[in-house]
$ cat data.cif   # mmCIF, C-alpha atoms
data_coords
loop_
_atom_site.label_atom_id
_atom_site.label_comp_id
_atom_site.auth_asym_id
_atom_site.auth_seq_id
_atom_site.Cartn_x
_atom_site.Cartn_y
_atom_site.Cartn_z
CA MET A 23 0.00 0.00 0.00
CA ARG A 24 1.31 3.42 -0.94
CA LYS A 25 -0.60 6.54 0.09
CA LEU A 26 0.31 10.19 -0.32
CA TYR A 27 -1.22 12.79 1.97
CA GLY A 28 -1.05 16.08 0.09
CA TYR A 29 -2.76 19.24 -1.09
CA TYR A 30 -2.92 20.42 -4.67
CA ARG A 31 -1.24 23.78 -3.94
CA SER A 32 1.59 22.38 -1.78
CA GLN A 33 4.96 22.73 -3.54
CA ALA A 34 6.34 19.97 -1.33
CA ALA A 35 3.55 17.54 -2.25
CA PHE A 36 4.05 18.52 -5.92
CA ARG A 37 7.71 17.42 -5.60
CA VAL A 38 6.74 14.00 -4.27
CA ARG A 39 4.06 13.52 -6.95
CA ILE A 40 6.67 14.19 -9.66
CA ALA A 41 9.15 11.72 -8.17
CA LEU A 42 6.52 8.99 -7.83
CA ASN A 43 5.40 9.59 -11.42
CA LEU A 44 8.98 9.54 -12.78
CA LYS A 45 9.63 6.24 -11.03
CA GLY A 46 6.32 4.79 -12.19
CA LEU A 47 5.05 4.17 -8.66
CA GLU A 48 1.29 3.95 -8.17
CA ARG A 49 -0.28 5.67 -5.21
CA GLU A 50 -3.53 6.40 -3.48
CA ASP A 51 -4.04 10.11 -2.77
CA ALA A 52 -5.47 11.58 0.43
CA TYR A 53 -6.30 15.26 0.04
CA LEU A 54 -6.02 17.67 2.94
CA ASN A 55 -7.35 21.19 2.56
CA LEU A 56 -4.65 23.23 4.32
CA ALA A 57 -6.68 26.42 4.01
CA ARG A 58 -9.48 24.74 5.99
CA GLY A 59 -7.08 23.30 8.58
CA ASP A 60 -7.45 19.61 7.77
CA GLN A 61 -3.81 19.10 8.75
CA PHE A 62 -4.62 19.85 12.41
CA LYS A 63 -7.24 17.09 12.76
CA PRO A 64 -6.28 14.38 15.29
CA ASP A 65 -6.27 11.55 12.75
CA TYR A 66 -3.72 13.34 10.60
CA ARG A 67 -1.68 14.46 13.60
CA ALA A 68 -1.29 10.74 14.41
CA VAL A 69 0.22 10.25 10.94
CA ASN A 70 2.37 13.40 10.89
CA PRO A 71 2.97 15.04 14.28
CA GLN A 72 4.32 18.16 12.57
CA MET A 73 0.87 18.53 10.97
CA VAL A 74 2.24 19.49 7.55
CA VAL A 75 2.09 17.85 4.12
CA PRO A 76 3.28 15.75 2.47
CA THR A 77 3.37 12.40 4.23
CA LEU A 78 4.05 9.29 2.15
CA VAL A 79 3.08 5.91 3.54
CA ASP A 80 5.00 3.19 1.71
CA GLY A 81 4.18 -0.19 3.20
CA ASP A 82 5.27 0.02 6.84
CA ALA A 83 7.24 3.25 6.38
CA VAL A 84 5.62 6.57 7.28
CA LEU A 85 7.75 9.22 5.60
CA PHE A 86 7.80 12.98 6.20
CA GLN A 87 9.61 16.01 4.76
CA SER A 88 9.76 16.10 0.96
CA MET A 89 13.56 15.92 0.61
CA ALA A 90 13.76 12.92 2.94
CA ILE A 91 10.98 11.29 0.90
CA LEU A 92 12.82 11.92 -2.41
CA GLU A 93 16.02 10.41 -0.98
CA TYR A 94 14.04 7.39 0.28
CA LEU A 95 12.43 6.84 -3.11
CA GLU A 96 15.87 7.06 -4.73
CA GLU A 97 17.25 4.41 -2.36
CA VAL A 98 14.33 1.97 -2.52
CA TYR A 99 13.29 2.44 -6.16
CA PRO A 100 16.55 3.43 -7.88
CA GLU A 101 15.25 3.36 -11.48
CA PRO A 102 15.20 5.77 -13.17
CA PRO A 103 17.77 7.60 -11.02
CA LEU A 104 16.97 11.08 -9.75
CA LEU A 105 20.56 11.75 -8.68
CA PRO A 106 23.62 11.66 -10.99
CA SER A 107 26.63 9.46 -10.31
CA GLY A 108 29.63 10.98 -8.56
CA ALA A 109 29.58 12.55 -5.11
CA ALA A 110 30.38 16.09 -6.29
CA ALA A 111 27.65 15.99 -8.94
CA ARG A 112 25.18 14.64 -6.40
CA ALA A 113 26.14 17.44 -4.00
CA ARG A 114 25.53 20.03 -6.72
CA VAL A 115 22.08 18.59 -7.43
CA ARG A 116 21.22 18.39 -3.74
CA GLY A 117 22.55 21.93 -3.17
CA ILE A 118 20.34 23.38 -5.91
CA ALA A 119 17.38 21.49 -4.47
CA GLN A 120 18.08 22.78 -0.96
CA ILE A 121 18.14 26.41 -2.13
CA VAL A 122 14.50 25.87 -3.07
CA VAL A 123 13.54 23.67 -0.14
CA SER A 124 15.32 25.63 2.60
CA ASP A 125 15.78 29.18 1.39
CA CYS A 126 12.70 29.91 -0.73
CA HIS A 127 9.71 27.71 -0.03
CA PRO A 128 9.60 27.89 3.81
CA LEU A 129 9.22 31.67 3.61
CA VAL A 130 6.02 31.65 1.55
CA ILE A 131 3.96 28.76 2.91
CA PRO A 132 0.44 29.24 4.30
CA ARG A 133 1.47 29.32 7.96
CA ILE A 134 3.84 32.21 7.22
CA ARG A 135 1.13 34.11 5.38
CA ASN A 136 -1.27 33.45 8.27
CA TYR A 137 1.29 34.86 10.73
CA PHE A 138 1.57 38.03 8.65
CA ASP A 139 -2.21 38.41 8.68
CA ASN A 140 -3.08 37.30 12.20
CA VAL A 141 -0.08 38.20 14.37
CA LEU A 142 1.86 40.94 12.59
CA LYS A 143 -1.48 42.27 11.26
CA LEU A 144 0.14 43.60 8.11
CA ASP A 145 -1.78 44.55 4.99
CA GLU A 146 -1.72 42.62 1.76
CA ALA A 147 1.01 44.78 0.17
CA PRO A 148 3.83 43.97 2.65
CA ARG A 149 2.78 40.30 2.66
CA VAL A 150 2.90 40.08 -1.14
CA GLY A 151 6.15 42.08 -1.12
CA TRP A 152 7.71 39.61 1.33
CA ILE A 153 6.66 36.59 -0.71
CA GLN A 154 7.91 38.02 -4.00
CA HIS A 155 11.16 39.27 -2.42
CA TRP A 156 12.22 35.82 -1.21
CA LEU A 157 11.07 33.99 -4.34
CA VAL A 158 12.97 36.46 -6.53
CA THR A 159 16.07 36.44 -4.29
CA GLY A 160 16.19 32.65 -4.42
CA SER A 161 15.55 32.70 -8.17
CA GLN A 162 18.51 35.06 -8.67
CA ALA A 163 20.80 32.64 -6.82
CA LEU A 164 19.48 29.65 -8.77
CA GLU A 165 19.71 31.47 -12.11
CA THR A 166 23.33 32.50 -11.44
CA ILE A 167 24.39 29.04 -10.32
CA LEU A 168 22.71 27.39 -13.32
CA ALA A 169 23.62 29.95 -15.99
CA GLU A 170 27.30 30.15 -15.00
CA SER A 171 27.99 26.40 -14.82
CA PRO A 172 29.06 24.19 -17.73
CA GLN A 173 27.41 21.32 -15.84
CA THR A 174 23.98 22.75 -16.59
CA GLY A 175 22.41 21.24 -19.69
CA ARG A 176 18.85 20.70 -20.83
CA PHE A 177 18.28 19.95 -17.18
CA CYS A 178 19.85 21.43 -14.04
CA HIS A 179 22.58 18.81 -14.30
CA GLY A 180 23.39 17.56 -17.78
CA ASP A 181 21.21 16.64 -20.74
CA ALA A 182 20.22 13.10 -19.93
CA ALA A 183 17.41 13.14 -17.42
CA PRO A 184 15.73 15.23 -14.74
CA SER A 185 17.06 15.03 -11.19
CA ILE A 186 15.92 16.09 -7.74
CA ALA A 187 17.19 19.57 -8.64
CA ASP A 188 14.79 19.77 -11.61
CA ILE A 189 11.93 18.59 -9.43
CA CYS A 190 12.62 21.38 -6.94
CA VAL A 191 13.28 24.07 -9.56
CA THR A 192 10.08 23.19 -11.41
CA THR A 193 7.92 23.38 -8.30
CA HIS A 194 9.67 26.63 -7.34
CA VAL A 195 8.99 28.28 -10.70
CA ALA A 196 5.37 27.10 -10.62
CA GLY A 197 4.98 28.61 -7.15
CA ALA A 198 6.67 31.87 -8.13
CA LYS A 199 4.30 32.21 -11.10
CA THR A 200 1.33 31.64 -8.80
CA HIS A 201 2.60 34.43 -6.56
CA GLY A 202 2.92 36.86 -9.47
CA CYS A 203 6.72 36.98 -9.79
CA ASP A 204 8.10 38.04 -13.17
CA MET A 205 10.03 34.90 -14.08
CA GLY A 206 10.95 36.25 -17.53
CA GLN A 207 14.04 37.76 -15.91
CA PHE A 208 15.32 34.22 -15.23
CA PRO A 209 15.77 32.62 -18.67
CA THR A 210 17.59 29.50 -17.48
CA LEU A 211 15.00 28.72 -14.81
CA THR A 212 12.21 29.34 -17.31
CA ARG A 213 13.83 27.09 -19.92
CA ILE A 214 14.31 24.24 -17.44
CA PHE A 215 10.76 24.68 -16.15
CA GLU A 216 9.36 24.41 -19.67
CA THR A 217 11.57 21.43 -20.51
CA CYS A 218 10.36 19.61 -17.42
CA MET A 219 6.70 20.55 -17.79
CA ALA A 220 6.75 18.94 -21.25
CA ILE A 221 7.44 15.59 -19.52
CA PRO A 222 4.17 13.81 -18.63
CA ALA A 223 5.40 12.84 -15.14
CA PHE A 224 5.83 16.53 -14.31
CA ALA A 225 2.73 17.77 -16.12
CA ALA A 226 0.42 15.28 -14.42
CA ALA A 227 1.75 16.34 -11.01
CA HIS A 228 1.04 20.06 -11.48
CA PRO A 229 -1.39 21.61 -8.97
CA SER A 230 -3.84 22.48 -11.75
CA LYS A 231 -4.24 18.78 -12.57
CA GLN A 232 -5.09 17.60 -9.07
CA PRO A 233 -8.67 16.55 -8.23
CA ASP A 234 -8.74 18.74 -5.10
CA ARG A 235 -7.88 21.96 -6.96
CA GLU A 236 -10.20 24.88 -6.35
CA MET B 1 43.07 21.02 0.38
CA ARG B 2 39.91 21.35 2.43
CA LYS B 3 38.60 24.80 3.34
CA LEU B 4 35.41 25.80 5.13
CA TYR B 5 33.96 29.25 4.63
CA GLY B 6 31.84 29.97 7.69
CA TYR B 7 30.85 32.30 10.49
CA TYR B 8 30.86 31.43 14.17
CA ARG B 9 27.15 32.21 14.66
CA SER B 10 25.91 30.38 11.55
CA GLN B 11 23.89 27.29 12.49
CA ALA B 12 24.57 25.86 9.04
CA ALA B 13 28.35 26.26 9.37
CA PHE B 14 28.10 24.76 12.89
CA ARG B 15 26.51 21.64 11.32
CA VAL B 16 29.36 21.22 8.86
CA ARG B 17 32.00 21.75 11.56
CA ILE B 18 30.44 18.97 13.65
CA ALA B 19 30.37 16.54 10.70
CA LEU B 20 33.98 17.25 9.77
CA ASN B 21 35.04 16.78 13.40
CA LEU B 22 33.08 13.52 13.78
CA LYS B 23 34.72 12.12 10.65
CA GLY B 24 38.16 13.33 11.73
CA LEU B 25 38.66 15.53 8.66
CA GLU B 26 41.12 18.41 8.96
CA ARG B 27 40.21 21.78 7.49
CA GLU B 28 41.35 25.30 7.03
CA ASP B 29 38.78 27.88 8.17
CA ALA B 30 37.91 31.10 6.37
CA TYR B 31 35.81 33.41 8.50
CA LEU B 32 33.20 35.72 7.01
CA ASN B 33 31.54 38.31 9.19
CA LEU B 34 27.94 38.12 8.00
CA ALA B 35 26.92 41.10 10.12
CA ARG B 36 29.51 43.21 8.29
CA GLY B 37 28.48 41.86 4.85
CA ASP B 38 31.63 39.90 3.99
CA GLN B 39 29.46 37.39 2.11
CA PHE B 40 28.63 40.00 -0.54
CA LYS B 41 32.26 40.69 -1.52
CA PRO B 42 33.12 39.74 -5.13
CA ASP B 43 35.76 37.17 -4.17
CA TYR B 44 33.26 35.23 -2.06
CA ARG B 45 30.48 35.62 -4.61
CA ALA B 46 32.80 33.81 -7.05
CA VAL B 47 32.96 30.90 -4.59
CA ASN B 48 29.29 30.89 -3.62
CA PRO B 49 26.94 32.79 -5.97
CA GLN B 50 24.16 32.60 -3.39
CA MET B 51 26.43 34.63 -1.08
CA VAL B 52 25.61 32.58 2.00
CA VAL B 53 27.65 30.33 4.29
CA PRO B 54 28.82 27.66 4.54
CA THR B 55 30.84 26.68 1.50
CA LEU B 56 33.16 23.69 1.77
CA VAL B 57 35.96 23.30 -0.73
CA ASP B 58 37.14 19.69 -0.77
CA GLY B 59 39.85 19.24 -3.39
CA ASP B 60 38.20 20.17 -6.70
CA ALA B 61 34.66 20.14 -5.29
CA VAL B 62 33.04 23.42 -4.24
CA LEU B 63 30.09 22.45 -2.07
CA PHE B 64 27.17 24.57 -0.93
CA GLN B 65 24.08 24.13 1.28
CA SER B 66 24.75 22.37 4.58
CA MET B 67 22.54 19.33 3.98
CA ALA B 68 24.13 18.71 0.58
CA ILE B 69 27.54 19.01 2.24
CA LEU B 70 26.61 16.51 4.98
CA GLU B 71 25.38 14.01 2.37
CA TYR B 72 28.59 14.51 0.36
CA LEU B 73 30.77 13.90 3.42
CA GLU B 74 28.77 10.75 4.18
CA GLU B 75 29.33 9.43 0.64
CA VAL B 76 33.03 10.30 0.33
CA TYR B 77 34.13 9.68 3.94
CA PRO B 78 31.70 6.99 5.14
CA GLU B 79 33.35 6.32 8.52
CA PRO B 80 31.99 6.85 11.08
CA PRO B 81 28.53 6.82 9.47
CA LEU B 82 26.17 9.75 10.09
CA LEU B 83 23.16 7.90 8.67
CA PRO B 84 21.78 4.59 9.97
CA SER B 85 21.34 1.53 7.77
CA GLY B 86 17.93 0.86 6.25
CA ALA B 87 16.04 3.22 3.96
CA ALA B 88 13.18 3.90 6.39
CA ALA B 89 15.57 4.69 9.24
CA ARG B 90 17.58 6.98 6.98
CA ALA B 91 14.40 8.74 5.92
CA ARG B 92 13.46 9.30 9.57
CA VAL B 93 16.88 10.80 10.30
CA ARG B 94 16.77 12.99 7.20
CA GLY B 95 13.18 14.04 7.97
CA ILE B 96 14.13 15.19 11.49
CA ALA B 97 17.10 17.06 10.04
CA GLN B 98 14.92 18.76 7.41
CA ILE B 99 12.46 20.04 10.03
CA VAL B 100 15.39 22.03 11.39
CA VAL B 101 17.01 22.93 8.09
CA SER B 102 13.84 23.81 6.17
CA ASP B 103 11.17 24.72 8.70
CA CYS B 104 13.04 26.45 11.53
CA HIS B 105 16.42 27.87 10.62
CA PRO B 106 15.51 29.74 7.38
CA LEU B 107 13.01 31.84 9.32
CA VAL B 108 15.51 33.28 11.80
CA ILE B 109 18.67 33.94 9.79
CA PRO B 110 20.25 37.41 9.56
CA ARG B 111 18.75 38.33 6.19
CA ILE B 112 15.27 37.71 7.59
CA ARG B 113 15.98 39.84 10.63
CA ASN B 114 17.37 42.57 8.35
CA TYR B 115 14.16 42.48 6.28
CA PHE B 116 12.10 42.95 9.45
CA ASP B 117 14.22 45.97 10.41
CA ASN B 118 14.82 47.60 7.05
CA VAL B 119 11.78 46.80 4.91
CA LEU B 120 8.90 45.96 7.24
CA LYS B 121 10.32 48.51 9.74
CA LEU B 122 9.00 46.58 12.70
CA ASP B 123 10.21 47.09 16.25
CA GLU B 124 12.30 44.63 18.19
CA ALA B 125 9.32 43.01 19.94
CA PRO B 126 7.59 41.63 16.80
CA ARG B 127 10.96 40.55 15.40
CA VAL B 128 11.86 38.65 18.57
CA GLY B 129 8.32 37.28 18.73
CA TRP B 130 8.61 35.98 15.17
CA ILE B 131 11.95 34.29 15.83
CA GLN B 132 10.81 32.64 19.04
CA HIS B 133 7.48 31.59 17.51
CA TRP B 134 9.09 29.58 14.70
CA LEU B 135 11.85 28.11 16.85
CA VAL B 136 9.30 26.99 19.45
CA THR B 137 6.85 25.67 16.81
CA GLY B 138 9.61 23.62 15.23
CA SER B 139 10.79 22.44 18.64
CA GLN B 140 7.27 21.24 19.48
CA ALA B 141 7.19 19.15 16.29
CA LEU B 142 10.66 17.73 16.95
CA GLU B 143 9.89 16.99 20.61
CA THR B 144 6.67 15.15 19.69
CA ILE B 145 8.31 13.11 16.95
CA LEU B 146 11.26 12.19 19.19
CA ALA B 147 9.36 11.62 22.44
CA GLU B 148 6.66 9.44 20.87
CA SER B 149 8.94 7.11 18.92
CA PRO B 150 10.53 3.89 20.21
CA GLN B 151 13.28 4.51 17.65
CA THR B 152 14.58 7.43 19.70
CA GLY B 153 17.37 6.44 22.06
CA ARG B 154 20.28 8.30 23.59
CA PHE B 155 20.42 9.96 20.20
CA CYS B 156 17.64 10.95 17.78
CA HIS B 157 17.89 7.49 16.25
CA GLY B 158 19.05 4.70 18.55
CA ASP B 159 21.75 4.53 21.19
CA ALA B 160 24.83 3.83 19.13
CA ALA B 161 26.06 7.04 17.59
CA PRO B 162 24.99 10.54 16.54
CA SER B 163 23.52 11.05 13.08
CA ILE B 164 22.73 13.95 10.80
CA ALA B 165 19.54 14.37 12.86
CA ASP B 166 21.56 14.93 16.04
CA ILE B 167 23.79 17.42 14.26
CA CYS B 168 20.74 19.43 13.19
CA VAL B 169 18.89 19.14 16.51
CA THR B 170 21.99 20.23 18.44
CA THR B 171 22.55 23.29 16.27
CA HIS B 172 18.83 24.09 16.50
CA VAL B 173 18.78 23.93 20.30
CA ALA B 174 21.93 26.04 20.52
CA GLY B 175 20.32 28.64 18.25
CA ALA B 176 17.05 28.61 20.17
CA LYS B 177 18.94 29.21 23.42
CA THR B 178 20.76 32.14 21.83
CA HIS B 179 17.40 33.61 20.83
CA GLY B 180 16.03 33.30 24.37
CA CYS B 181 13.59 30.42 23.88
CA ASP B 182 12.65 28.43 26.98
CA MET B 183 13.94 25.02 25.95
CA GLY B 184 13.13 23.48 29.36
CA GLN B 185 9.68 22.69 27.94
CA PHE B 186 11.32 20.24 25.50
CA PRO B 187 12.96 17.58 27.67
CA THR B 188 13.86 15.18 24.86
CA LEU B 189 15.51 17.89 22.77
CA THR B 190 17.38 19.14 25.82
CA ARG B 191 18.57 15.65 26.73
CA ILE B 192 19.84 14.95 23.20
CA PHE B 193 21.50 18.37 23.05
CA GLU B 194 23.35 17.70 26.31
CA THR B 195 24.33 14.19 25.23
CA CYS B 196 25.79 15.55 21.99
CA MET B 197 27.49 18.55 23.53
CA ALA B 198 29.41 16.15 25.81
CA ILE B 199 31.06 14.72 22.68
CA PRO B 200 34.27 16.62 21.82
CA ALA B 201 33.45 16.78 18.07
CA PHE B 202 30.26 18.70 18.92
CA ALA B 203 31.72 20.81 21.72
CA ALA B 204 34.67 22.03 19.62
CA ALA B 205 32.28 23.09 16.84
CA HIS B 206 30.10 25.29 19.08
CA PRO B 207 29.96 28.98 18.10
CA SER B 208 31.48 30.01 21.44
CA LYS B 209 34.64 28.04 20.59
CA GLN B 210 35.31 29.65 17.21
CA PRO B 211 38.17 32.14 16.80
CA ASP B 212 35.92 34.68 15.06
CA ARG B 213 33.40 34.85 17.93
CA GLU B 214 32.59 38.32 19.23
#
$ encode --input "data.cif" --output "C-alpha cells"
Amino acid sequence: MRKLYGYYRSQAAFRVRIALNLKGLEREDAYLNLARGDQFKPDYRAVNPQMVVPTLVDGDAVLFQSMAILEYLEEVYPEPPLLPSGAAARARVRGIAQIVVSDCHPLVIPRIRNYFDNVLKLDEAPRVGWIQHWLVTGSQALETILAESPQTGRFCHGDAAPSIADICVTTHVAGAKTHGCDMGQFPTLTRIFETCMAIPAFAAAHPSKQPDRE
Amino acid sequence: MRKLYGYYRSQAAFRVRIALNLKGLEREDAYLNLARGDQFKPDYRAVNPQMVVPTLVDGDAVLFQSMAILEYLEEVYPEPPLLPSGAAARARVRGIAQIVVSDCHPLVIPRIRNYFDNVLKLDEAPRVGWIQHWLVTGSQALETILAESPQTGRFCHGDAAPSIADICVTTHVAGAKTHGCDMGQFPTLTRIFETCMAIPAFAAAHPSKQPDRE
C-alpha cells in the first residue's frame, strides 16, 4: 500500500508527486485542505505530528519532509535515477534542491502568510512584497548558479534526465508564477521549467491537474 | 586542500564543523563576518553565488548548502557513518534534520531579521516574537516526533552514535537558546543536546569556541 497525503497547492507535495510519477510508482491520494485546517485534525496528527504535508506511507514506512521522501524513493526504487553518479555531482544537485527547499519555499507557505495576517497584522502589500522578495532572491541565486555552470544542460545537471534539482526548480517556478513573480528575468529557470513541464510525469503532477484543486 | 567558509554564529556552518570533526577531517577555516556583509564581496560571490555560508571546498569540489555538504561527506568519507542503515531509518533521520534545516532555521537567519528591520520597519518586539514563535513551533514538532517514537534512544535514532539528525537538533537547540527560547519545555531535545554537547566533536564546533566569535 502506498498513500500520499497532500494538497494540490503544496509545492512539497508537488515534488513528491513528480518523483513517484517519474519512477512509475502507483499511489492512493489523500487530500487535505490546508486552508481549511485539515492538517490539524487528530487523525492526521497521528500520521504526521508536525501537521504538515506531504506524508508518504510506503508499506510500513511513514515518511515525512519532501527531501527525505525523495532520498528514500531514490534508495528503494533506484530506477530511473533522480541523482547523478559521482559525489560532487550529487552534491551540486542536492545543493540546488536545498536552495529551493530551505531558502525559498519555507518563507512563503500558508502558515507564514497566516502569521503576517493574524499576528503581525500587516496589509496585503507587505505580505505580497515579502513573498515576491524571497522567491525572486532565491531565483537570482538559482539562475546565477545554473547559468554560470558548464554542468547545466537541458536539465539542471546535464542533458540526460531530470534530477531532484529539476523537481525542486520546477515546483519553485510554478509557485513563483502563482505568486505573481516576473520569471521572464530568469531565462535558465524558465527554460528548465518548460523542458520539465513537457514531460508527462511533471505535467500530471502540477497543482492544476489535481482533483482537489479549487 | 579542504577549506570551510563559515561564520561562528551560523547554524549551518556549525553543522558542517560537527560533521567534519566527527569524521576526523582536517580543514582550514575562512571566517566571514555576515553582520559586516563579507558574504557579498566579489571574491566570495565567485565561490558561492548565493552569497551565504557555509561553502566547503574539498579538493576540486566546491560544495554549498549544509545538507548537501553533509550528504557529500557521508558518501566520500563513510566512517563513522552519520546515517543509519535501512532506507526507512535513513528517511526518519533525514526528515528530522529537514524540520530544522527547512522549517526552523531559514526563518531566523540574519537576512530575515534585516528584512524585518529595514523593509517591514517593525520594532524589536515583533521581530523577537517571530523568531521565538518559529523556533518553538519547530521544537514542538521535533519533541513530539522524538518523544513518541521507540526509535529514539540516547540519540535521535538509537543509542549507538549521533547522526545527521543529532547534528541538526543540536545546532537548532543552541540557536534557540541564543534567541532566548525556553527550551526546558522540550525535555527530549534538551537531553539529546546535552548528550551531543558532551562529545568533543560537537563541543569544539560550538559557536562560542570559534576564533571569530565576538
$ residues_around --input "data.cif" --residues "Met205 in chain A" --least-positions-apart "4" --cutoff "10 Å" --atoms "all atoms listed in the file" --output "compact mmCIF listing (two decimals) with C-alpha atoms, in the coordinates of the input"
# COMPACT_ATOMS: atom_id res chain seq x y z
CA LEU A 157 11.07 33.99 -4.34
CA VAL A 158 12.97 36.46 -6.53
CA SER A 161 15.55 32.70 -8.17
CA VAL A 195 8.99 28.28 -10.70
CA ALA A 196 5.37 27.10 -10.62
CA ALA A 198 6.67 31.87 -8.13
CA LYS A 199 4.30 32.21 -11.10
CA PRO A 209 15.77 32.62 -18.67
CA THR A 210 17.59 29.50 -17.48
CA LEU A 211 15.00 28.72 -14.81
CA THR A 212 12.21 29.34 -17.31
$ closest_atom_pairs --input "data.cif" --of "chain B" --to "chain A" --cutoff "7 Å" --atoms "only C-alpha atoms" --output "tab-separated table"
residue	atom	partner	partner_atom	distance
B:Pro49	CA	A:Ala163	CA	6.2
B:Gln50	CA	A:Ala163	CA	4.8
B:Ala61	CA	A:Ala110	CA	6.0
B:Leu63	CA	A:Ala113	CA	6.7
B:Phe64	CA	A:Gly117	CA	5.8
B:Gln65	CA	A:Gly117	CA	5.2
B:Ala68	CA	A:Ala113	CA	5.2
B:Ile69	CA	A:Ala113	CA	6.6
B:Tyr72	CA	A:Ala113	CA	5.8
B:Glu75	CA	A:Ala109	CA	6.5
B:Val76	CA	A:Ala109	CA	6.8
B:Ala87	CA	A:Tyr94	CA	5.9
B:Ala88	CA	A:Ala83	CA	6.0
B:Ala91	CA	A:Ala90	CA	5.2
B:Arg92	CA	A:Leu85	CA	7.0
B:Arg94	CA	A:Ala90	CA	5.2
B:Gly95	CA	A:Ala90	CA	5.2
B:Gln98	CA	A:Gln87	CA	6.5
B:Val101	CA	A:Ser124	CA	6.3
B:Ser102	CA	A:Ser124	CA	4.3
B:Asp103	CA	A:Pro128	CA	6.0
B:Pro106	CA	A:Asp125	CA	6.0
B:Leu107	CA	A:Leu129	CA	6.9
B:Ala141	CA	A:Gln72	CA	4.8
B:Thr144	CA	A:Pro71	CA	6.6
B:Ile145	CA	A:Pro71	CA	6.3
$ closest_atom_pairs --input "data.cif" --of "range 151-214 of chain A" --to "range 219-232 of chain A" --cutoff "10 Å" --atoms "only C-alpha atoms" --output "CSV"
residue,atom,partner,partner_atom,distance
A:Pro184,CA,A:Ile221,CA,9.6
A:Asp188,CA,A:Phe224,CA,9.9
A:Ile189,CA,A:Phe224,CA,8.1
A:Thr192,CA,A:Met219,CA,7.7
A:Thr193,CA,A:His228,CA,8.3
A:Ala196,CA,A:His228,CA,8.3
A:Gly197,CA,A:Pro229,CA,9.6
A:Arg213,CA,A:Met219,CA,9.9
A:Ile214,CA,A:Met219,CA,8.5
$ resolve_selection --input "data.cif" --expression "the PyMOL selection byres ((chain B and resi 27) around 8)" --output "NGL selection string"
:B and (1-4 or 25-26 or 28-29)
$ resolve_selection --input "data.cif" --expression "the PyMOL selection byres ((chain B and resi 37) around 12)" --output "ChimeraX atom specification"
/B:7,31-36,38-42,44-45,51-53,110-111,114
$ atom_distance --input "data.cif" --atom1 "CA of Thr174 in chain A" --atom2 "CA of Arg15 in chain B"
28.0 Å
$ axis_aligned_box --input "data.cif" --around "range 107-114 of chain B" --padding-each-side "8 Å" --output "lines of an AutoDock Vina configuration file"
center_x = 16.6
center_y = 37.2
center_z = 9.0
size_x = 23.2
size_y = 26.7
size_z = 21.6
$ closest_residue --input "data.cif" --among "B:Lys23, B:Pro54, B:Glu194, B:Cys156" --to "Cys168 in chain B" --atoms "only C-alpha atoms"
B:Cys156
$ atom_distance --input "data.cif" --atom1 "CA of Leu78 in chain A" --atom2 "CA of Gln11 in chain B"
28.7 Å
